[in-house]
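This report concerns only the one structure given below.
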Protein chains: 2
Amino acid sequence: MVKRMLKYEAEAVDRVFHAVADANRRAIIERLTRSPATVSELAALLGVTVAATVQHLRVLQDSELVSSEKVGRVRTCRIDPAGLHNAEAWLTRQRTAWELRLDRLGAVLGDEAKESGR
Amino acid sequence: MVKRMLKYEAEAVDRVFHAVADANRRAIIERLTRSPATVSELAALLGVTVAATVQHLRVLQDSELVSSEKVGRVRTCRIDPAGLHNAEAWLTRQRTAWELRLDRLGAVLGDEAKESGR
C-alpha cells in the first residue's frame with residue numbers, strides 16, 4: 001500500500017517535470033501566473049495553432065499545473081499551484097541536502113586546518 | 001545575439017527538467033547529494049545494469065546535474081549544483097508570481113468588502 005502510494009507520487013513528479021521540460025509549456029505557465037487566459041489567447045502568445053496549444057494544455061492539466069473551464073464556446077485556463085509546489089519541493093530538498101553536506105565538509109576541513117596549525 | 005542566448009538558456013532548462021522527469025535519475029541525484037558514488041554503486045542502488053546506469057548518467061551530465069571522473073577503471077560521480085539551481089529558480093519564480101497575484105486579489109476583495117460594508 002505504502003509502496004503503491006510512493007509509486008503514484010513518483011509518477012506525479014515525473015509528469016510535472018516532463019510538462020515543464022518544454023519551452024512553450026513553460027511560456028503558458030508564465031502567462032497564467034499573471035492572469036487566466038483563453039485557449040486562443042495562449043495560441044496567439046505562442047504563435048502556434050489552437051490544436052497544438054490544446055495538446056500542450058492537455059499535458060499541463062494531466063500534471064495538475066493548469067485547470068480549465070469551458071463557458072459557451074470559450075475555454076478559460078488558469079494556473080493550478082499544486083503541481084508546481086511538489087516539483088519545487090523536490091528540487092529544494094536536493095539543494096539543501098547538498099548544502100548541508102558542504103557545510104559539514106567545511107566544518108571538518110576547518111577542524112583539520114586548526115589541528116595542523118597547532 | 002540576446003535571442004540566441006535566451007534560446008540557449010531555454011534549452012538548458014528543457015534538459016534539466018527532462019533529466020529529473022525520471023524516477024531512476026532522481027534516485028541517482030538523491031544518492032549523490034549525500035556523497036560521491038561509483039557507477040557500480042549507483043547501478044546496485046537502482047537494481048539495473050551498469051549499461052542502463054551509464055545511459056542515465058549521460059543524461060544527467062548533459063544537463064550539468066552530475067559530473068564524473070575516471071581513475072583507473074573506476075568512474076566516480078558527484079553532484080553538480082549548477083543545473084539544479086536554474087531549474088529551482090524557474091519554479092520559484094512562477095510560484096512567487098502567482099502568490100503575488102493572490103495577494104493583490106485578496107487586497108482588492110478586502111477593499112470591496114469594506115466598501116460594501118459602509
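Chain lettering (A, B, ...) mirrors the order of the C-alpha cells, residue numbering begins at 1 for each chain separately, and ligand numbering begins at 1 in order of display.
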
Pick out the chain B residues within 12 Å of chain A. Count only C-alpha atoms. Give them as number ranges by chain. B: 6-36, 63, 65, 78-102, 104-105

Can you provide chain A as a tab-separated table (two decimals) with N, CA and C atoms, in the first residue's frame, superposed onto chain B by least squares across all C-alpha atoms matched in order?
chain	number	residue	atom	x	y	z
A	1	MET	N	21.70	38.10	-31.03
A	1	MET	CA	22.66	37.63	-30.02
A	1	MET	C	21.94	37.33	-28.70
A	2	VAL	N	21.15	38.33	-28.19
A	2	VAL	CA	20.39	38.13	-26.96
A	2	VAL	C	19.41	36.99	-27.16
A	3	LYS	N	18.76	36.98	-28.36
A	3	LYS	CA	17.77	35.95	-28.65
A	3	LYS	C	18.42	34.56	-28.63
A	4	ARG	N	19.66	34.49	-29.17
A	4	ARG	CA	20.33	33.20	-29.22
A	4	ARG	C	20.69	32.75	-27.80
A	5	MET	N	21.07	33.73	-26.94
A	5	MET	CA	21.39	33.37	-25.55
A	5	MET	C	20.15	32.88	-24.82
A	6	LEU	N	19.00	33.55	-25.04
A	6	LEU	CA	17.76	33.13	-24.39
A	6	LEU	C	17.38	31.73	-24.84
A	7	LYS	N	17.58	31.45	-26.15
A	7	LYS	CA	17.25	30.13	-26.69
A	7	LYS	C	18.15	29.08	-26.02
A	8	TYR	N	19.42	29.44	-25.86
A	8	TYR	CA	20.35	28.49	-25.23
A	8	TYR	C	19.93	28.21	-23.79
A	9	GLU	N	19.55	29.28	-23.07
A	9	GLU	CA	19.10	29.13	-21.69
A	9	GLU	C	17.86	28.25	-21.60
A	10	ALA	N	16.89	28.50	-22.53
A	10	ALA	CA	15.65	27.72	-22.53
A	10	ALA	C	15.96	26.25	-22.76
A	11	GLU	N	16.90	25.97	-23.67
A	11	GLU	CA	17.25	24.58	-23.95
A	11	GLU	C	17.93	23.92	-22.75
A	12	ALA	N	18.72	24.72	-22.01
A	12	ALA	CA	19.38	24.19	-20.81
A	12	ALA	C	18.31	23.81	-19.77
A	13	VAL	N	17.29	24.67	-19.60
A	13	VAL	CA	16.22	24.37	-18.64
A	13	VAL	C	15.41	23.16	-19.11
A	14	ASP	N	15.15	23.08	-20.44
A	14	ASP	CA	14.50	21.88	-21.01
A	14	ASP	C	15.23	20.61	-20.57
A	15	ARG	N	16.56	20.63	-20.75
A	15	ARG	CA	17.37	19.44	-20.47
A	15	ARG	C	17.30	19.04	-19.00
A	16	VAL	N	17.39	20.04	-18.10
A	16	VAL	CA	17.35	19.72	-16.66
A	16	VAL	C	16.02	19.10	-16.28
A	17	PHE	N	14.92	19.72	-16.74
A	17	PHE	CA	13.60	19.17	-16.36
A	17	PHE	C	13.39	17.80	-16.98
A	18	HIS	N	13.86	17.60	-18.23
A	18	HIS	CA	13.75	16.28	-18.84
A	18	HIS	C	14.55	15.26	-18.00
A	19	ALA	N	15.73	15.67	-17.56
A	19	ALA	CA	16.60	14.76	-16.79
A	19	ALA	C	15.93	14.32	-15.49
A	20	VAL	N	15.27	15.24	-14.79
A	20	VAL	CA	14.69	14.89	-13.49
A	20	VAL	C	13.27	14.33	-13.61
A	21	ALA	N	12.77	14.18	-14.85
A	21	ALA	CA	11.42	13.62	-15.07
A	21	ALA	C	11.46	12.09	-15.05
A	22	ASP	N	12.49	11.50	-14.48
A	22	ASP	CA	12.64	10.05	-14.43
A	22	ASP	C	13.01	9.64	-13.01
A	23	ALA	N	12.26	8.71	-12.44
A	23	ALA	CA	12.44	8.35	-11.02
A	23	ALA	C	13.83	7.78	-10.75
A	24	ASN	N	14.40	7.00	-11.70
A	24	ASN	CA	15.75	6.45	-11.48
A	24	ASN	C	16.79	7.56	-11.48
A	25	ARG	N	16.63	8.54	-12.37
A	25	ARG	CA	17.61	9.63	-12.38
A	25	ARG	C	17.47	10.49	-11.12
A	26	ARG	N	16.24	10.66	-10.63
A	26	ARG	CA	16.07	11.41	-9.37
A	26	ARG	C	16.72	10.63	-8.22
A	27	ALA	N	16.61	9.29	-8.25
A	27	ALA	CA	17.24	8.47	-7.19
A	27	ALA	C	18.76	8.65	-7.22
A	28	ILE	N	19.36	8.75	-8.42
A	28	ILE	CA	20.81	8.99	-8.53
A	28	ILE	C	21.16	10.33	-7.89
A	29	ILE	N	20.38	11.37	-8.21
A	29	ILE	CA	20.65	12.70	-7.64
A	29	ILE	C	20.52	12.66	-6.11
A	30	GLU	N	19.43	12.04	-5.63
A	30	GLU	CA	19.23	11.96	-4.17
A	30	GLU	C	20.43	11.28	-3.50
A	31	ARG	N	20.93	10.20	-4.13
A	31	ARG	CA	22.09	9.49	-3.58
A	31	ARG	C	23.34	10.37	-3.58
A	32	LEU	N	23.56	11.09	-4.70
A	32	LEU	CA	24.81	11.87	-4.83
A	32	LEU	C	24.81	13.15	-3.99
A	33	THR	N	23.65	13.63	-3.58
A	33	THR	CA	23.66	14.80	-2.69
A	33	THR	C	24.27	14.41	-1.34
A	34	ARG	N	24.26	13.10	-1.00
A	34	ARG	CA	24.83	12.65	0.29
A	34	ARG	C	26.34	12.50	0.20
A	35	SER	N	26.83	11.87	-0.90
A	35	SER	CA	28.28	11.70	-1.11
A	35	SER	C	28.52	11.20	-2.53
A	36	PRO	N	29.76	11.34	-3.06
A	36	PRO	CA	30.06	10.79	-4.39
A	36	PRO	C	29.87	9.27	-4.38
A	37	ALA	N	29.68	8.68	-5.57
A	37	ALA	CA	29.49	7.23	-5.67
A	37	ALA	C	30.03	6.73	-7.00
A	38	THR	N	30.42	5.47	-7.05
A	38	THR	CA	30.89	4.90	-8.31
A	38	THR	C	29.69	4.46	-9.15
A	39	VAL	N	29.95	4.22	-10.44
A	39	VAL	CA	28.88	3.77	-11.33
A	39	VAL	C	28.29	2.44	-10.83
A	40	SER	N	29.16	1.52	-10.37
A	40	SER	CA	28.67	0.22	-9.88
A	40	SER	C	27.77	0.40	-8.66
A	41	GLU	N	28.16	1.31	-7.76
A	41	GLU	CA	27.32	1.56	-6.57
A	41	GLU	C	25.94	2.09	-6.98
A	42	LEU	N	25.93	2.97	-7.98
A	42	LEU	CA	24.66	3.54	-8.43
A	42	LEU	C	23.81	2.46	-9.11
A	43	ALA	N	24.45	1.59	-9.89
A	43	ALA	CA	23.72	0.50	-10.56
A	43	ALA	C	23.09	-0.42	-9.52
A	44	ALA	N	23.86	-0.73	-8.44
A	44	ALA	CA	23.34	-1.60	-7.38
A	44	ALA	C	22.15	-0.95	-6.68
A	45	LEU	N	22.27	0.36	-6.44
A	45	LEU	CA	21.19	1.11	-5.79
A	45	LEU	C	19.90	1.03	-6.60
A	46	LEU	N	20.02	1.21	-7.92
A	46	LEU	CA	18.83	1.23	-8.78
A	46	LEU	C	18.33	-0.18	-9.08
A	47	GLY	N	19.23	-1.17	-8.96
A	47	GLY	CA	18.86	-2.53	-9.34
A	47	GLY	C	18.74	-2.67	-10.85
A	48	VAL	N	19.58	-1.92	-11.59
A	48	VAL	CA	19.60	-2.04	-13.06
A	48	VAL	C	21.04	-2.32	-13.51
A	49	THR	N	21.23	-2.57	-14.80
A	49	THR	CA	22.58	-2.89	-15.30
A	49	THR	C	23.47	-1.65	-15.28
A	50	VAL	N	24.78	-1.89	-15.34
A	50	VAL	CA	25.74	-0.79	-15.43
A	50	VAL	C	25.49	0.00	-16.72
A	51	ALA	N	25.16	-0.69	-17.81
A	51	ALA	CA	24.91	-0.02	-19.09
A	51	ALA	C	23.74	0.96	-18.97
A	52	ALA	N	22.66	0.53	-18.30
A	52	ALA	CA	21.48	1.39	-18.13
A	52	ALA	C	21.85	2.58	-17.24
A	53	THR	N	22.66	2.33	-16.23
A	53	THR	CA	23.09	3.41	-15.32
A	53	THR	C	23.91	4.44	-16.07
A	54	VAL	N	24.82	3.96	-16.95
A	54	VAL	CA	25.65	4.86	-17.74
A	54	VAL	C	24.77	5.75	-18.63
A	55	GLN	N	23.72	5.18	-19.18
A	55	GLN	CA	22.78	5.96	-20.00
A	55	GLN	C	22.16	7.10	-19.18
A	56	HIS	N	21.68	6.75	-17.98
A	56	HIS	CA	21.08	7.77	-17.11
A	56	HIS	C	22.11	8.84	-16.76
A	57	LEU	N	23.35	8.41	-16.48
A	57	LEU	CA	24.40	9.36	-16.09
A	57	LEU	C	24.71	10.31	-17.24
A	58	ARG	N	24.63	9.79	-18.48
A	58	ARG	CA	24.90	10.65	-19.64
A	58	ARG	C	23.88	11.80	-19.69
A	59	VAL	N	22.61	11.45	-19.48
A	59	VAL	CA	21.54	12.48	-19.47
A	59	VAL	C	21.80	13.50	-18.35
A	60	LEU	N	22.19	13.00	-17.18
A	60	LEU	CA	22.43	13.88	-16.03
A	60	LEU	C	23.66	14.77	-16.25
A	61	GLN	N	24.68	14.23	-16.96
A	61	GLN	CA	25.86	15.05	-17.23
A	61	GLN	C	25.58	16.10	-18.29
A	62	ASP	N	24.79	15.73	-19.31
A	62	ASP	CA	24.43	16.69	-20.37
A	62	ASP	C	23.66	17.87	-19.80
A	63	SER	N	22.91	17.64	-18.71
A	63	SER	CA	22.13	18.73	-18.13
A	63	SER	C	22.87	19.38	-16.95
A	64	GLU	N	24.15	19.06	-16.82
A	64	GLU	CA	25.00	19.66	-15.77
A	64	GLU	C	24.47	19.44	-14.36
A	65	LEU	N	23.89	18.25	-14.15
A	65	LEU	CA	23.43	17.91	-12.80
A	65	LEU	C	24.45	17.03	-12.09
A	66	VAL	N	25.27	16.34	-12.87
A	66	VAL	CA	26.25	15.41	-12.32
A	66	VAL	C	27.56	15.57	-13.09
A	67	SER	N	28.68	15.46	-12.39
A	67	SER	CA	29.97	15.40	-13.07
A	67	SER	C	30.63	14.08	-12.67
A	68	SER	N	31.59	13.60	-13.46
A	68	SER	CA	32.24	12.34	-13.11
A	68	SER	C	33.70	12.37	-13.52
A	69	GLU	N	34.48	11.50	-12.89
A	69	GLU	CA	35.91	11.45	-13.12
A	69	GLU	C	36.32	9.99	-13.08
A	70	LYS	N	37.16	9.57	-14.05
A	70	LYS	CA	37.57	8.17	-14.10
A	70	LYS	C	39.02	8.06	-13.62
A	71	VAL	N	39.24	7.24	-12.61
A	71	VAL	CA	40.60	6.98	-12.13
A	71	VAL	C	40.81	5.48	-12.27
A	72	GLY	N	41.77	5.07	-13.09
A	72	GLY	CA	41.96	3.65	-13.37
A	72	GLY	C	40.71	3.13	-14.05
A	73	ARG	N	40.11	2.09	-13.50
A	73	ARG	CA	38.90	1.54	-14.12
A	73	ARG	C	37.63	2.00	-13.42
A	74	VAL	N	37.78	2.86	-12.43
A	74	VAL	CA	36.61	3.24	-11.63
A	74	VAL	C	36.17	4.68	-11.93
A	75	ARG	N	34.89	4.85	-12.33
A	75	ARG	CA	34.36	6.18	-12.57
A	75	ARG	C	33.55	6.62	-11.34
A	76	THR	N	33.94	7.77	-10.77
A	76	THR	CA	33.24	8.28	-9.59
A	76	THR	C	32.39	9.49	-9.99
A	77	CYS	N	31.13	9.50	-9.53
A	77	CYS	CA	30.18	10.56	-9.91
A	77	CYS	C	29.91	11.44	-8.70
A	78	ARG	N	29.74	12.72	-8.97
A	78	ARG	CA	29.37	13.63	-7.88
A	78	ARG	C	28.34	14.64	-8.39
A	79	ILE	N	27.63	15.25	-7.46
A	79	ILE	CA	26.58	16.20	-7.82
A	79	ILE	C	27.21	17.49	-8.33
A	80	ASP	N	26.55	18.12	-9.29
A	80	ASP	CA	26.99	19.41	-9.83
A	80	ASP	C	25.80	20.35	-9.65
A	81	PRO	N	25.88	21.28	-8.69
A	81	PRO	CA	24.67	22.02	-8.29
A	81	PRO	C	24.16	23.04	-9.30
A	82	ALA	N	24.93	23.35	-10.34
A	82	ALA	CA	24.54	24.42	-11.27
A	82	ALA	C	23.18	24.16	-11.91
A	83	GLY	N	22.99	22.96	-12.42
A	83	GLY	CA	21.74	22.62	-13.11
A	83	GLY	C	20.54	22.70	-12.19
A	84	LEU	N	20.67	22.14	-10.99
A	84	LEU	CA	19.57	22.17	-10.01
A	84	LEU	C	19.13	23.60	-9.73
A	85	HIS	N	20.12	24.48	-9.59
A	85	HIS	CA	19.83	25.85	-9.21
A	85	HIS	C	18.92	26.54	-10.23
A	86	ASN	N	19.24	26.40	-11.53
A	86	ASN	CA	18.44	27.07	-12.56
A	86	ASN	C	17.00	26.57	-12.59
A	87	ALA	N	16.84	25.25	-12.47
A	87	ALA	CA	15.50	24.67	-12.52
A	87	ALA	C	14.68	25.14	-11.33
A	88	GLU	N	15.30	25.13	-10.15
A	88	GLU	CA	14.61	25.56	-8.94
A	88	GLU	C	14.22	27.04	-9.05
A	89	ALA	N	15.14	27.85	-9.59
A	89	ALA	CA	14.88	29.29	-9.72
A	89	ALA	C	13.66	29.53	-10.60
A	90	TRP	N	13.53	28.78	-11.69
A	90	TRP	CA	12.37	28.98	-12.58
A	90	TRP	C	11.07	28.66	-11.84
A	91	LEU	N	11.03	27.51	-11.14
A	91	LEU	CA	9.82	27.11	-10.43
A	91	LEU	C	9.47	28.12	-9.35
A	92	THR	N	10.47	28.59	-8.61
A	92	THR	CA	10.22	29.54	-7.52
A	92	THR	C	9.66	30.84	-8.07
A	93	ARG	N	10.21	31.27	-9.24
A	93	ARG	CA	9.72	32.50	-9.86
A	93	ARG	C	8.24	32.39	-10.19
A	94	GLN	N	7.82	31.23	-10.71
A	94	GLN	CA	6.40	31.06	-11.07
A	94	GLN	C	5.53	31.09	-9.82
A	95	ARG	N	5.98	30.40	-8.76
A	95	ARG	CA	5.16	30.34	-7.55
A	95	ARG	C	5.02	31.72	-6.93
A	96	THR	N	6.14	32.47	-6.87
A	96	THR	CA	6.05	33.78	-6.23
A	96	THR	C	5.21	34.74	-7.06
A	97	ALA	N	5.30	34.65	-8.41
A	97	ALA	CA	4.46	35.51	-9.26
A	97	ALA	C	2.99	35.21	-8.98
A	98	TRP	N	2.68	33.94	-8.80
A	98	TRP	CA	1.31	33.52	-8.60
A	98	TRP	C	0.82	33.97	-7.21
A	99	GLU	N	1.67	33.84	-6.20
A	99	GLU	CA	1.30	34.25	-4.84
A	99	GLU	C	1.10	35.76	-4.76
A	100	LEU	N	1.94	36.50	-5.48
A	100	LEU	CA	1.82	37.95	-5.54
A	100	LEU	C	0.46	38.34	-6.09
A	101	ARG	N	0.04	37.61	-7.15
A	101	ARG	CA	-1.26	37.89	-7.76
A	101	ARG	C	-2.38	37.60	-6.77
A	102	LEU	N	-2.26	36.50	-6.02
A	102	LEU	CA	-3.27	36.15	-5.01
A	102	LEU	C	-3.35	37.25	-3.96
A	103	ASP	N	-2.18	37.76	-3.53
A	103	ASP	CA	-2.15	38.83	-2.52
A	103	ASP	C	-2.89	40.06	-3.04
A	104	ARG	N	-2.61	40.42	-4.31
A	104	ARG	CA	-3.26	41.61	-4.89
A	104	ARG	C	-4.76	41.38	-4.97
A	105	LEU	N	-5.18	40.17	-5.39
A	105	LEU	CA	-6.60	39.83	-5.47
A	105	LEU	C	-7.23	39.95	-4.09
A	106	GLY	N	-6.51	39.43	-3.07
A	106	GLY	CA	-7.01	39.48	-1.70
A	106	GLY	C	-7.21	40.92	-1.25
A	107	ALA	N	-6.26	41.79	-1.61
A	107	ALA	CA	-6.34	43.20	-1.22
A	107	ALA	C	-7.55	43.86	-1.89
A	108	VAL	N	-7.76	43.57	-3.18
A	108	VAL	CA	-8.89	44.14	-3.92
A	108	VAL	C	-10.21	43.68	-3.31
A	109	LEU	N	-10.31	42.38	-3.03
A	109	LEU	CA	-11.54	41.83	-2.46
A	109	LEU	C	-11.78	42.43	-1.07
A	110	GLY	N	-10.70	42.62	-0.29
A	110	GLY	CA	-10.82	43.21	1.04
A	110	GLY	C	-11.37	44.62	0.96
A	111	ASP	N	-10.86	45.42	0.01
A	111	ASP	CA	-11.34	46.79	-0.18
A	111	ASP	C	-12.81	46.79	-0.56
A	112	GLU	N	-13.19	45.87	-1.47
A	112	GLU	CA	-14.59	45.82	-1.90
A	112	GLU	C	-15.51	45.46	-0.75
A	113	ALA	N	-15.06	44.52	0.11
A	113	ALA	CA	-15.87	44.10	1.26
A	113	ALA	C	-16.08	45.29	2.19
A	114	LYS	N	-14.99	46.09	2.39
A	114	LYS	CA	-15.09	47.26	3.27
A	114	LYS	C	-16.08	48.27	2.70
A	115	GLU	N	-15.99	48.49	1.36
A	115	GLU	CA	-16.87	49.48	0.74
A	115	GLU	C	-18.32	49.06	0.82
A	116	SER	N	-18.60	47.76	0.57
A	116	SER	CA	-20.00	47.31	0.61
A	116	SER	C	-20.50	47.28	2.04
A	117	GLY	N	-19.58	47.23	3.03
A	117	GLY	CA	-19.98	47.18	4.44
A	117	GLY	C	-20.34	48.58	4.97
A	118	ARG	N	-19.92	49.60	4.22
A	118	ARG	CA	-20.17	50.97	4.69
A	118	ARG	C	-21.64	51.33	4.69

Backbone-only DSSP, helix (DSSP H, G or I) members of region 45-110 of chain B, as an MDAnalysis selection string: chainID B and resid 45:46 50:62 81:110

If you run DSSP on this backbone, which residues of chain B come out as strand (DSSP E), and could you give them as JSON, numbers by chain? {"B": [37, 38, 66, 67, 68, 69, 70, 71, 74, 75, 76, 77, 78, 79]}

Create the file for the chosen residues now, containing N, CA, C and O atoms and written as a short mmCIF file (atom, residue, chain, number, x, y, z; two decimals), in the first residue's frame.
data_model
loop_
_atom_site.label_atom_id
_atom_site.label_comp_id
_atom_site.auth_asym_id
_atom_site.auth_seq_id
_atom_site.Cartn_x
_atom_site.Cartn_y
_atom_site.Cartn_z
N ALA B 37 29.67 8.68 -5.56
CA ALA B 37 29.48 7.22 -5.66
C ALA B 37 30.03 6.74 -7.00
O ALA B 37 30.09 7.50 -7.97
N THR B 38 30.42 5.46 -7.04
CA THR B 38 30.89 4.89 -8.30
C THR B 38 29.69 4.45 -9.14
O THR B 38 28.57 4.31 -8.62
N VAL B 66 25.27 16.33 -12.87
CA VAL B 66 26.25 15.40 -12.30
C VAL B 66 27.55 15.56 -13.08
O VAL B 66 27.52 15.80 -14.29
N SER B 67 28.69 15.46 -12.37
CA SER B 67 29.98 15.39 -13.06
C SER B 67 30.64 14.08 -12.65
O SER B 67 30.27 13.48 -11.64
N SER B 68 31.59 13.61 -13.46
CA SER B 68 32.23 12.34 -13.11
C SER B 68 33.69 12.36 -13.52
O SER B 68 34.11 13.16 -14.37
N GLU B 69 34.46 11.50 -12.88
CA GLU B 69 35.90 11.43 -13.12
C GLU B 69 36.31 9.97 -13.08
O GLU B 69 35.86 9.23 -12.19
N LYS B 70 37.14 9.58 -14.05
CA LYS B 70 37.56 8.18 -14.11
C LYS B 70 39.00 8.07 -13.62
O LYS B 70 39.88 8.77 -14.13
N VAL B 71 39.23 7.23 -12.62
CA VAL B 71 40.59 6.97 -12.14
C VAL B 71 40.81 5.46 -12.26
O VAL B 71 40.08 4.69 -11.64
N VAL B 74 37.77 2.86 -12.43
CA VAL B 74 36.59 3.25 -11.64
C VAL B 74 36.16 4.69 -11.94
O VAL B 74 36.96 5.63 -11.83
N ARG B 75 34.89 4.86 -12.33
CA ARG B 75 34.35 6.20 -12.57
C ARG B 75 33.54 6.62 -11.35
O ARG B 75 32.62 5.92 -10.93
N THR B 76 33.92 7.77 -10.76
CA THR B 76 33.22 8.29 -9.58
C THR B 76 32.37 9.49 -9.99
O THR B 76 32.85 10.37 -10.70
N CYS B 77 31.13 9.50 -9.52
CA CYS B 77 30.18 10.55 -9.89
C CYS B 77 29.92 11.43 -8.69
O CYS B 77 29.84 10.97 -7.56
N ARG B 78 29.73 12.71 -8.96
CA ARG B 78 29.36 13.63 -7.88
C ARG B 78 28.32 14.62 -8.39
O ARG B 78 28.19 14.83 -9.59
N ILE B 79 27.62 15.25 -7.45
CA ILE B 79 26.57 16.20 -7.82
C ILE B 79 27.22 17.48 -8.33
O ILE B 79 28.30 17.85 -7.88
#
